[in-house]
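This is input-v9.txt (compact mmCIF, C-alpha atoms).
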# COMPACT_ATOMS: atom_id res chain seq x y z
CA MET A 1 -37.42 -31.67 7.07
CA ASN A 2 -36.25 -28.47 8.67
CA VAL A 3 -33.02 -26.84 7.63
CA GLU A 4 -30.89 -25.95 10.62
CA TYR A 5 -27.33 -25.37 11.72
CA GLY A 6 -25.12 -28.39 11.16
CA SER A 7 -22.31 -26.54 12.89
CA PRO A 8 -22.46 -23.00 14.23
CA LEU A 9 -20.92 -20.00 12.53
CA VAL A 10 -17.21 -19.53 13.11
CA MET A 11 -15.44 -16.31 12.23
CA HIS A 12 -12.72 -16.66 9.59
CA MET A 13 -12.01 -12.98 9.00
CA LEU A 14 -12.67 -9.92 11.10
CA VAL A 15 -11.67 -6.39 10.15
CA LEU A 16 -11.82 -3.46 12.56
CA HIS A 17 -11.17 0.16 11.76
CA GLY A 18 -10.13 2.93 14.13
CA ASN A 19 -8.29 6.24 14.17
CA ILE A 20 -5.66 7.62 16.52
CA GLY A 21 -6.74 11.18 15.81
CA SER A 22 -3.31 12.51 14.90
CA LYS A 23 -0.45 11.90 12.51
CA ILE A 24 1.97 9.22 13.59
CA ASP A 25 5.62 8.49 12.88
CA ILE A 26 5.66 5.02 11.35
CA SER A 27 9.24 5.04 10.10
CA ARG A 28 11.66 2.24 10.91
CA ASN A 29 13.24 4.15 13.77
CA GLY A 30 10.18 6.15 14.67
CA TYR A 31 8.00 6.52 17.73
CA ILE A 32 5.46 3.81 17.10
CA VAL A 33 8.01 1.11 16.33
CA ASP A 34 9.81 1.81 19.61
CA LYS A 35 6.56 1.96 21.54
CA MET A 36 5.28 -1.34 20.16
CA ALA A 37 8.64 -3.03 20.77
CA ILE A 38 8.41 -2.05 24.43
CA GLU A 39 4.71 -2.74 24.98
CA PHE A 40 4.33 -5.77 22.70
CA PRO A 41 7.73 -7.43 22.29
CA GLU A 42 6.03 -10.53 20.89
CA SER A 43 4.79 -8.62 17.81
CA ARG A 44 6.59 -8.76 14.48
CA TYR A 45 7.18 -5.46 12.69
CA ILE A 46 7.05 -5.10 8.91
CA ALA A 47 8.31 -1.69 7.80
CA PRO A 48 6.52 0.45 5.23
CA ILE A 49 8.15 0.38 1.80
CA GLU A 50 8.89 3.89 0.62
CA GLU A 51 6.78 4.85 -2.41
CA HIS A 52 5.00 1.47 -2.33
CA ASN A 53 2.85 1.47 0.77
CA ILE A 54 2.20 3.73 3.70
CA HIS A 55 1.50 1.17 6.36
CA ALA A 56 3.60 0.03 9.29
CA ILE A 57 2.46 -3.49 9.99
CA PHE A 58 2.60 -5.38 13.29
CA LYS A 59 1.78 -9.07 13.35
CA TRP A 60 0.92 -11.58 16.05
CA GLU A 61 0.84 -15.21 14.93
CA CYS A 62 -1.45 -16.02 17.85
CA ILE A 63 -3.77 -13.51 19.46
CA LEU A 64 -3.33 -15.27 22.81
CA ASN A 65 0.31 -14.15 22.85
CA ILE A 66 -0.68 -10.53 23.15
CA GLN A 67 0.11 -9.18 26.57
CA ILE A 68 -2.99 -7.62 28.08
CA GLY A 69 -3.09 -6.27 31.57
CA ASP A 70 -6.87 -6.58 31.98
CA ALA A 71 -7.58 -9.55 34.31
CA ARG A 72 -11.17 -9.96 33.05
CA LEU A 73 -9.95 -10.30 29.47
CA SER A 74 -7.18 -12.68 30.45
CA GLN A 75 -9.78 -14.82 32.21
CA HIS A 76 -11.78 -15.22 29.01
CA ALA A 77 -8.66 -16.34 27.18
CA LYS A 78 -8.33 -19.18 29.69
CA ASN A 79 -11.79 -20.49 28.84
CA GLU A 80 -11.06 -23.78 27.06
CA ASP A 81 -13.60 -23.41 24.26
CA ALA A 82 -12.47 -19.90 23.47
CA ALA A 83 -8.79 -20.79 23.78
CA ASN A 84 -9.17 -23.58 21.19
CA PHE A 85 -10.32 -21.01 18.71
CA LEU A 86 -8.05 -18.17 19.77
CA LYS A 87 -4.85 -20.17 19.55
CA CYS A 88 -5.53 -20.53 15.82
CA THR A 89 -6.22 -16.83 15.37
CA GLU A 90 -3.69 -14.30 14.14
CA LEU A 91 -3.83 -10.52 14.23
CA THR A 92 -2.31 -7.98 11.87
CA VAL A 93 -2.41 -4.28 12.64
CA SER A 94 -1.74 -1.75 9.87
CA ILE A 95 -0.98 1.79 10.93
CA THR A 96 -0.83 4.66 8.47
CA ARG A 97 1.02 7.91 9.01
CA LEU A 98 -2.36 9.66 9.22
CA GLY A 99 -3.22 7.59 12.29
CA THR A 100 -5.63 5.14 10.71
CA CYS A 101 -5.43 1.67 12.23
CA ILE A 102 -6.82 -1.40 10.53
CA TYR A 103 -7.00 -4.59 12.57
CA ARG A 104 -7.26 -7.80 10.56
CA ILE A 105 -8.01 -10.95 12.46
CA GLY A 106 -7.85 -14.22 10.60
CA SER A 107 -8.60 -17.71 11.73
CA LYS A 108 -6.22 -20.41 10.61
CA ILE A 109 -8.92 -23.06 11.02
CA ARG A 110 -9.32 -24.50 7.58
CA SER A 111 -12.61 -24.69 5.74
CA GLU A 112 -14.86 -27.74 5.79
CA SER A 113 -13.84 -28.94 2.37
CA GLU A 114 -10.20 -29.04 3.40
CA ASP A 115 -10.53 -30.36 6.92
CA THR A 116 -13.81 -31.74 8.18
CA ASP A 117 -12.24 -32.41 11.58
CA ALA A 118 -12.14 -28.71 12.29
CA PHE A 119 -15.90 -28.66 12.61
CA LYS A 120 -16.10 -31.97 14.41
CA LYS A 121 -13.95 -30.56 17.14
CA ASP A 122 -16.91 -28.36 18.12
CA ILE A 123 -14.96 -25.18 18.03
CA ASN A 124 -17.01 -22.74 19.97
CA TYR A 125 -16.99 -19.22 18.62
CA SER A 126 -19.33 -17.23 20.81
CA ASP A 127 -20.30 -13.58 21.09
CA ASP A 128 -18.00 -13.45 24.11
CA THR A 129 -15.07 -14.63 22.01
CA GLU A 130 -15.84 -11.96 19.44
CA ASN A 131 -16.08 -9.33 22.15
CA PHE A 132 -12.77 -10.56 23.57
CA ILE A 133 -11.06 -10.10 20.19
CA ILE A 134 -12.51 -6.61 19.81
CA ALA A 135 -11.44 -5.74 23.37
CA VAL A 136 -7.87 -6.89 22.62
CA CYS A 137 -7.82 -4.64 19.55
CA CYS A 138 -9.15 -1.73 21.64
CA HIS A 139 -6.36 -2.35 24.15
CA ILE A 140 -3.73 -2.21 21.37
CA HIS A 141 -5.41 0.90 20.00
CA ASP A 142 -5.17 2.61 23.39
CA VAL A 143 -1.47 1.78 23.57
CA ILE A 144 -0.85 3.16 20.08
CA ALA A 145 -2.84 6.28 20.90
CA GLY A 146 -0.78 6.69 24.07
CA PHE A 147 -3.65 6.54 26.57
CA MET B 148 2.01 16.58 -7.28
CA ILE B 149 2.53 17.72 -10.86
CA ARG B 150 0.82 16.06 -13.78
CA GLN B 151 1.14 16.55 -17.51
CA TYR B 152 -1.13 16.19 -20.51
CA HIS B 153 0.58 15.26 -23.76
CA THR B 154 -0.49 15.47 -27.36
CA GLY B 155 -1.57 12.04 -28.56
CA VAL B 156 -1.73 10.46 -25.09
CA ASN B 157 -5.02 9.78 -23.37
CA GLY B 158 -5.17 10.97 -19.78
CA TRP B 159 -2.68 12.55 -17.44
CA THR B 160 0.84 11.34 -16.76
CA SER B 161 3.19 12.15 -13.92
CA LEU B 162 6.94 12.40 -13.51
CA LYS B 163 9.01 9.35 -12.71
CA ASN B 164 9.82 8.95 -9.04
CA ASN B 165 13.24 10.09 -7.92
CA VAL B 166 14.84 11.55 -4.79
CA HIS B 167 13.19 14.93 -5.37
CA ASN B 168 9.56 13.89 -5.83
CA VAL B 169 8.56 13.55 -2.19
CA ARG B 170 9.96 16.98 -1.31
CA ILE B 171 8.42 18.60 -4.41
CA LYS B 172 5.03 17.12 -3.46
CA GLU B 173 5.41 18.68 -0.01
CA ILE B 174 6.25 22.04 -1.56
CA VAL B 175 3.27 21.88 -3.94
CA ASN B 176 0.96 21.00 -1.04
CA LYS B 177 2.34 23.80 1.13
CA TYR B 178 2.13 26.53 -1.49
CA PHE B 179 -0.73 25.16 -3.55
CA ASP B 180 -2.78 28.35 -3.25
CA GLU B 181 0.06 30.45 -4.69
CA LEU B 182 0.63 28.23 -7.72
CA PRO B 183 -1.31 28.46 -10.99
CA SER B 184 -3.69 25.53 -11.36
CA LYS B 185 -3.06 24.86 -15.06
CA PHE B 186 -0.76 26.31 -17.69
CA ASP B 187 0.65 25.57 -21.12
CA PRO B 188 4.43 25.00 -20.92
CA SER B 189 4.96 25.16 -24.66
CA VAL B 190 4.32 28.92 -24.79
CA ALA B 191 7.50 29.93 -22.94
CA VAL B 192 9.69 28.97 -20.01
CA GLN B 193 7.38 29.17 -17.04
CA SER B 194 8.77 30.42 -13.76
CA PHE B 195 6.92 30.99 -10.51
CA ARG B 196 8.05 32.28 -7.17
CA VAL B 197 6.08 31.12 -4.13
CA GLY B 198 6.43 31.33 -0.36
CA SER B 199 5.73 35.02 -0.02
CA GLU B 200 4.18 34.59 3.43
CA SER B 201 6.81 32.25 4.85
CA ASP B 202 10.50 32.42 5.68
CA GLU B 203 11.51 30.65 2.50
CA SER B 204 11.33 31.28 -1.23
CA VAL B 205 10.61 28.58 -3.75
CA PHE B 206 11.28 29.05 -7.44
CA PHE B 207 9.66 26.77 -10.00
CA HIS B 208 11.11 26.66 -13.50
CA ILE B 209 9.27 24.55 -16.04
CA LEU B 210 11.08 23.94 -19.30
CA SER B 211 9.58 22.21 -22.29
CA ASN B 212 12.89 20.95 -23.61
CA VAL B 213 13.18 17.15 -23.70
CA SER B 214 12.24 15.12 -26.73
CA SER B 215 10.26 12.28 -25.15
CA ARG B 216 8.19 11.52 -22.08
CA GLN B 217 10.78 8.98 -20.92
CA ASP B 218 13.31 11.78 -20.52
CA GLU B 219 11.08 13.97 -18.37
CA ASN B 220 12.62 14.68 -14.99
CA CYS B 221 12.73 17.04 -12.07
CA ASN B 222 15.56 18.44 -10.03
CA ARG B 223 15.91 20.68 -7.04
CA SER B 224 18.50 22.57 -5.06
CA GLU B 225 18.13 24.09 -1.61
CA GLN B 226 20.24 26.79 -0.03
CA LEU B 227 20.14 28.16 3.49
CA PHE B 228 20.99 31.86 3.84
CA LYS B 229 22.11 33.16 7.26
CA VAL B 230 22.87 36.80 7.90
CA TRP B 231 24.77 38.71 10.61
CA ASN B 232 24.51 42.43 11.27
CA PHE B 233 27.69 44.57 11.47
CA LYS B 234 27.96 48.35 11.78
CA LYS B 235 28.52 49.12 8.10
CA PHE B 236 27.74 45.83 6.38
CA TRP B 237 25.95 42.49 6.52
CA ILE B 238 27.71 39.13 6.34
CA TRP B 239 25.92 36.32 4.53
CA GLN B 240 26.63 32.62 4.84
CA VAL B 241 25.08 30.53 2.07
CA THR B 242 25.03 26.77 2.63
CA CYS B 243 23.97 24.35 -0.06
CA GLU B 244 21.71 21.85 1.70
CA PHE B 245 20.65 19.89 -1.37
CA GLY B 246 21.97 19.83 -4.91
CA GLU B 247 25.20 19.42 -6.82
CA SER B 248 27.20 21.61 -4.41
CA TYR B 249 25.89 19.87 -1.31
CA GLY B 250 27.64 21.05 1.88
CA GLU B 251 29.42 23.95 0.20
CA GLU B 252 29.50 27.18 2.23
CA THR B 253 30.07 30.56 0.65
CA TYR B 254 30.28 33.99 2.30
CA TYR B 255 29.30 37.40 1.08
CA LYS B 256 29.79 40.90 2.42
CA GLN B 257 26.98 43.31 1.67
CA LEU B 258 27.52 47.01 2.27
CA LYS B 259 24.72 48.87 4.01
CA GLU B 260 23.11 51.73 2.23
CA ALA B 261 24.35 54.98 3.82
CA ASN B 262 22.08 57.03 6.08
CA LYS B 263 19.30 54.46 5.91
CA VAL B 264 17.87 53.19 9.17
CA VAL B 265 16.30 49.81 8.86
CA SER B 266 13.61 49.32 11.48
CA LYS B 267 12.45 45.87 10.49
CA ILE B 268 14.69 43.68 8.42
CA ASP B 269 13.11 41.48 5.77
CA ILE B 270 15.84 38.94 5.19
CA LYS B 271 14.28 37.69 1.96
CA GLU B 272 14.31 41.19 0.48
CA LEU B 273 17.67 42.18 1.92
CA TRP B 274 19.69 39.86 -0.33
CA ASP B 275 18.50 41.79 -3.39
CA LYS B 276 19.51 45.18 -1.97
CA GLY B 277 23.09 46.41 -2.33
CA SER B 278 26.09 44.81 -3.98
CA LEU B 279 27.58 41.58 -2.69
CA ILE B 280 31.29 40.87 -2.39
CA LYS B 281 32.28 37.23 -2.25
CA MET B 282 34.59 36.37 0.64
CA TYR B 283 36.74 33.43 1.63
CA GLY B 284 35.58 31.64 4.74
CA GLU B 285 38.59 32.61 6.84
CA ASP B 286 38.02 36.30 6.07
CA ALA B 287 34.31 36.25 6.85
CA TYR B 288 34.51 37.64 10.40
CA GLY B 289 34.07 34.17 11.84
CA VAL B 290 34.66 35.01 15.49
CA LEU B 291 32.51 38.12 15.23
CA ARG B 292 29.52 36.24 13.88
CA ARG B 293 27.73 35.60 17.15
CA ASP B 294 24.20 35.12 18.41
CA VAL B 295 23.94 38.77 19.41
CA ASN B 296 24.35 40.06 15.88
CA PHE B 297 22.65 37.15 14.13
CA VAL B 298 19.67 38.53 12.24
CA GLY B 299 18.04 35.37 10.96
CA SER B 300 17.91 32.94 8.08
CA THR B 301 15.96 32.19 4.97
CA ARG B 302 15.84 29.23 2.63
CA LYS B 303 15.75 29.29 -1.13
CA THR B 304 14.60 26.24 -3.03
CA SER B 305 14.84 25.96 -6.76
CA VAL B 306 12.79 23.33 -8.58
CA VAL B 307 13.49 22.65 -12.24
CA ILE B 308 11.06 20.49 -14.17
CA ASN B 309 11.95 19.35 -17.66
CA VAL B 310 8.96 18.15 -19.63
CA SER B 311 8.71 16.84 -23.16
CA GLN B 312 8.03 19.19 -26.04
CA ASP B 313 4.64 17.61 -26.75
CA THR B 314 3.32 18.58 -23.30
CA ARG B 315 0.22 20.69 -23.78
CA LEU B 316 -0.88 21.21 -20.21
CA ILE B 317 0.64 21.05 -16.75
CA GLU B 318 -1.36 21.01 -13.57
CA PHE B 319 -0.39 21.29 -9.91
CA VAL B 320 -2.54 18.93 -7.87
CA LYS B 321 -2.91 19.06 -4.10
CA ASP B 322 -2.45 15.80 -2.26
CA SER B 323 -5.44 16.04 0.05
CA LYS B 324 -4.53 12.78 1.81
CA ASN B 325 -2.21 14.77 4.06
CA ASP B 326 -5.09 16.79 5.45
CA ASN B 327 -7.36 13.90 6.25
CA VAL B 328 -6.44 13.09 9.81
CA GLN B 329 -9.63 11.63 11.25
CA GLU B 330 -10.86 12.12 14.78
CA ASN B 331 -9.93 9.54 17.37
CA THR B 332 -12.29 6.57 17.16
CA ARG B 333 -12.07 3.21 18.93
CA PRO B 334 -11.75 0.20 16.66
CA ARG B 335 -15.12 -1.05 15.46
CA PRO B 336 -15.93 -3.99 13.21
CA VAL B 337 -16.39 -3.06 9.58
CA ASN B 338 -16.32 -6.50 7.99
CA ILE B 339 -16.66 -9.92 9.58
CA CYS B 340 -16.92 -13.15 7.65
CA TYR B 341 -18.18 -16.40 9.13
CA THR B 342 -18.28 -19.99 7.98
CA GLY B 343 -20.68 -22.64 9.20
CA ARG B 344 -22.71 -25.60 8.00
CA LEU B 345 -26.39 -26.20 7.43
CA LYS B 346 -28.02 -29.61 7.58
CA GLY B 347 -31.33 -30.63 6.08
CA LYS B 348 -32.64 -30.78 2.58
CA ILE B 349 -33.35 -27.59 0.70
CA ALA B 350 -36.02 -28.49 -1.83
CA LYS B 351 -35.37 -27.44 -5.41
CA GLU B 352 -38.86 -25.95 -5.83
CA VAL B 353 -38.32 -23.83 -2.70
CA VAL B 354 -35.17 -22.33 -4.16
CA GLU B 355 -36.94 -21.77 -7.51
CA LYS B 356 -39.67 -19.86 -5.72
CA PHE B 357 -37.18 -17.56 -4.02
CA VAL B 358 -35.20 -17.06 -7.20
CA ARG B 359 -38.40 -15.96 -8.96
CA LYS B 360 -39.12 -13.54 -6.15
CA ARG B 361 -35.53 -12.26 -6.41
CA LEU B 362 -34.79 -13.00 -2.77
CA VAL B 363 -32.11 -15.47 -3.78
CA LYS B 364 -29.65 -15.44 -6.67
CA ARG B 365 -28.56 -18.75 -8.11
CA LYS B 366 -24.87 -19.49 -8.72
CA GLY B 367 -23.22 -16.73 -6.74
CA PRO B 368 -19.48 -16.01 -6.62
CA CYS B 369 -16.90 -18.44 -5.20
CA GLY B 370 -18.85 -21.43 -6.53
CA SER B 371 -21.83 -20.93 -4.24
CA GLU B 372 -25.16 -22.41 -5.16
CA MET B 373 -27.24 -19.65 -3.60
CA HIS B 374 -26.40 -16.04 -2.97
CA ILE B 375 -28.58 -13.97 -0.63
CA ASP B 376 -28.13 -10.23 -0.18
CA THR B 377 -29.48 -8.90 3.07
CA TYR B 378 -29.39 -5.54 4.80
CA MET B 379 -26.72 -6.82 7.14
CA GLY B 380 -24.44 -8.75 4.82
CA VAL B 381 -24.20 -11.37 2.13
CA VAL B 382 -24.88 -15.06 2.67
CA GLN B 383 -23.68 -17.77 0.34
CA ILE B 384 -24.85 -21.36 0.53
CA PHE B 385 -22.73 -23.98 -1.18
CA GLY B 386 -23.56 -27.35 -2.73
CA ASN B 387 -24.88 -30.34 -0.84
CA ASN B 388 -22.23 -32.60 0.64
CA SER B 389 -23.60 -35.62 2.54
CA ASN B 390 -26.67 -33.65 3.63
CA PHE B 391 -24.50 -30.77 4.83
CA ARG B 392 -24.00 -27.45 3.07
CA ARG B 393 -21.28 -24.97 3.76
CA ILE B 394 -22.58 -21.49 4.45
CA THR B 395 -20.54 -18.29 4.48
CA CYS B 396 -21.66 -14.93 5.80
CA LYS B 397 -19.68 -11.96 4.54
CA ALA B 398 -19.56 -8.27 5.36
CA PHE B 399 -21.40 -8.54 8.67
CA ILE B 400 -20.53 -6.51 11.73
CA SER B 401 -21.45 -8.95 14.49
CA LYS B 402 -22.07 -12.63 15.05
CA LYS B 403 -25.46 -11.84 16.49
CA GLN B 404 -26.58 -10.33 13.19
CA ALA B 405 -25.14 -13.18 11.16
CA ASP B 406 -26.92 -15.73 13.38
CA CYS B 407 -30.19 -13.83 13.02
CA VAL B 408 -29.93 -13.85 9.25
CA VAL B 409 -28.90 -17.51 8.98
CA GLU B 410 -31.69 -18.61 11.29
CA SER B 411 -34.24 -16.71 9.23
CA ILE B 412 -32.83 -18.21 6.04
CA CYS B 413 -33.14 -21.66 7.62
CA ARG B 414 -36.79 -20.97 8.34
CA MET B 415 -37.24 -19.56 4.85
CA VAL B 416 -35.88 -22.60 3.05
CA SER B 417 -37.55 -25.14 5.31
CA SER B 418 -40.40 -26.36 3.12
CA GLU B 419 -43.15 -26.16 5.78
CA THR B 420 -42.81 -22.45 6.26
CA THR B 421 -41.98 -21.45 2.73
CA THR B 422 -45.15 -19.59 1.86
CA CYS B 423 -45.15 -17.65 5.07
CA MET B 424 -41.44 -16.74 4.99
CA CYS B 425 -41.61 -15.50 1.40
CA PHE B 426 -43.39 -12.49 2.76
CA VAL B 427 -41.86 -12.42 6.19
CA PHE B 428 -38.18 -12.59 5.25
CA PRO B 429 -37.64 -9.07 3.87
CA VAL B 430 -39.62 -7.58 6.75
CA LEU B 431 -37.76 -9.72 9.25
CA CYS B 432 -34.38 -8.60 7.90
CA PHE B 433 -35.50 -5.01 8.14
CA LEU B 434 -36.60 -5.44 11.73
CA ILE B 435 -33.42 -7.27 12.63
CA ALA B 436 -31.31 -4.56 11.06
CA GLY B 437 -33.28 -1.85 12.77
CA ASP B 438 -33.69 -3.11 16.28
CA LEU B 439 -32.95 -6.60 17.34
CA CYS B 440 -29.32 -7.01 16.40
CA ARG B 441 -27.85 -3.61 17.14

For the file at hand, write its structure as structure tokens.
Amino acid sequence: MNVEYGSPLVMHMLVLHGNIGSKIDISRNGYIVDKMAIEFPESRYIAPIEEHNIHAIFKWECILNIQIGDARLSQHAKNEDAANFLKCTELTVSITRLGTCIYRIGSKIRSESEDTDAFKKDINYSDDTENFIIAVCCHIHDVIAGF
Amino acid sequence: MIRQYHTGVNGWTSLKNNVHNVRIKEIVNKYFDELPSKFDPSVAVQSFRVGSESDESVFFHILSNVSSRQDENCNRSEQLFKVWNFKKFWIWQVTCEFGESYGEETYYKQLKEANKVVSKIDIKELWDKGSLIKMYGEDAYGVLRRDVNFVGSTRKTSVVINVSQDTRLIEFVKDSKNDNVQENTRPRPVNICYTGRLKGKIAKEVVEKFVRKRLVKRKGPCGSEMHIDTYMGVVQIFGNNSNFRRITCKAFISKKQADCVVESICRMVSSETTTCMCFVFPVLCFLIAGDLCR
């Protein structure tokens, strides 16, 4: 008997890395906090803790809540299969004062052992969905970089 | 940063964090080239003056005078010196910007040396030339200190570091993290993990064969039954559960690559193609990594 996919691969963690190319003010009242509050009011800001970490963290509980101007991207988010997956996907962006940005995307869909229904629902995670997530991160990156 | 080596302690230690540390680190980074790399503080009180090329002077004083490492500390004071030019004298305003006398302003009158024309005034050197007479603020020519006769300012920072008497070596270390601003790069995937399921029976003898050929490791981390390292990432296959097995792909950079690898593993562990895939799998992974999945 052949061994084959019982259910297709679904992303549960995705990490992207990028650089702004310059130092950035990540303090509580600094530039980037103001900028993100204006551009992405739905994001939650977690301030860096002096002497403990050097990251300003912005969190979105659902990646679909991120405001993106690109109509083509927005269209993909309306695709039902993709939306089922994306509504369970959260994004965390860490920004360091040296301009390094780390994008962590995590799926809240639980593993098979905990919830077999998750796989039965035929959650479709396609290359397009992955490209959509990466494009959203690139959009945020452009905003942070001030393009 | 500053680190110390003590008698009877393995490795380097550093000072406890306090309000001065961040600023002292900045100073060490800025004037790193002017500071000695290593020195023995037990020989004598060590003092260094740095900032010769800038508009400030920084004085380091290292004293080996506390009894234990727990008592080691650092302290700093900063003063801003402003100077105004008058016909026969200079007027100095010294403001304490950090330290015990924070906010305190003192004034000094410094007589000019007779018959000496100063073409270019070095403010840092000027303070040391000629006697200074302390003045009260209200007598310090307040209204006559204007922009037109303002010469300039200089800052003096004094850093005092008290280390324990058993310190044998002190080293100034540059924090290179501050220099490492990378070029602008768009976000790109560096680590993607996927979960899926396989169906079908994986014969025991097939697994044994791959384990012998070191293509598969048995009992990988996280309770996996099989652990397969590939050029593109790591695949873990978990125990059989009603003819289904959970499969996780870690450290990949695209779904396309993960799918390629899982599909080739499926072919590899399907009994009919075992012999063939034993040889094909490493080559296939190489080809996939090189061309197909980029």

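With all atoms listed in the file as the atoms that count, the minimum distance from chain B to the choices A:Lys108, A:Arg97, A:Arg28, A:Arg44 is reached by A:Arg97.
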
Counting all atoms listed in the file, a student should be able to say which residues of chain B come within 8 Å of chain A; what is the right answer, written as a VMD selection string? chain B and resid 325 327 to 349 391 393 402 to 403 406 410 413 to 414 416 to 419

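In this model, the gap between atom CA of B:Ile270 and atom CA of B:Leu227 comes to 11.7 Å.
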
For B:Val197, which residue among B:Leu210, B:Val230, B:Cys396, B:Leu182 is the nearest when counting all atoms listed in the file?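 Once distances to B:Val197 are computed over all atoms listed in the file, the minimum belongs to B:Leu182.
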
re atom CA of B:Val241 and atom CA of B:Arg196: distance 19.5 Å

Item to complete: Could you tell me how far atom CA of A:Pro48 lies from atom CA of B:Asn168, in Å and to one decimal?
Response: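 One can read the atom CA of A:Pro48 to atom CA of B:Asn168 distance as 17.7 Å.
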
Polymer residues at most 12 Å from B:Ala191, all atoms listed in the file, same-chain spacing of 5 or more positions, as a list in words
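In the requested form, the answer reads Phe186, His208, Ile209, Leu210, Ser211, Asn212, Gln312 and Arg315 of chain B.
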
For the residues selected in the previous step, produce a file with C-alpha atoms as a PDB file, in the frame of the given file.
ATOM      1  CA  PHE B 186      -0.760  26.310 -17.690  1.00  0.00           C
ATOM      2  CA  HIS B 208      11.110  26.660 -13.500  1.00  0.00           C
ATOM      3  CA  ILE B 209       9.270  24.550 -16.040  1.00  0.00           C
ATOM      4  CA  LEU B 210      11.080  23.940 -19.300  1.00  0.00           C
ATOM      5  CA  SER B 211       9.580  22.210 -22.290  1.00  0.00           C
ATOM      6  CA  ASN B 212      12.890  20.950 -23.610  1.00  0.00           C
ATOM      7  CA  GLN B 312       8.030  19.190 -26.040  1.00  0.00           C
ATOM      8  CA  ARG B 315       0.220  20.690 -23.780  1.00  0.00           C
TER       9      ARG B 315
END

Can you tell me, as a tab-separated table (two decimals) with C-alpha atoms, in the coordinates of the input, what residues are no more than 9 Å from B:Lys276 when counting only C-alpha atoms, ignoring any on the same chain fewer than 4 positions away?
chain	number	residue	atom	x	y	z
B	257	GLN	CA	26.98	43.31	1.67
B	259	LYS	CA	24.72	48.87	4.01
B	260	GLU	CA	23.11	51.73	2.23
B	272	GLU	CA	14.31	41.19	0.48

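Of the residues under consideration (A:Val33, A:Leu64, A:Leu86, A:Val136), A:Val33 shows the shortest atom-to-atom contact distance to A:Ile46 when counting all atoms listed in the file.
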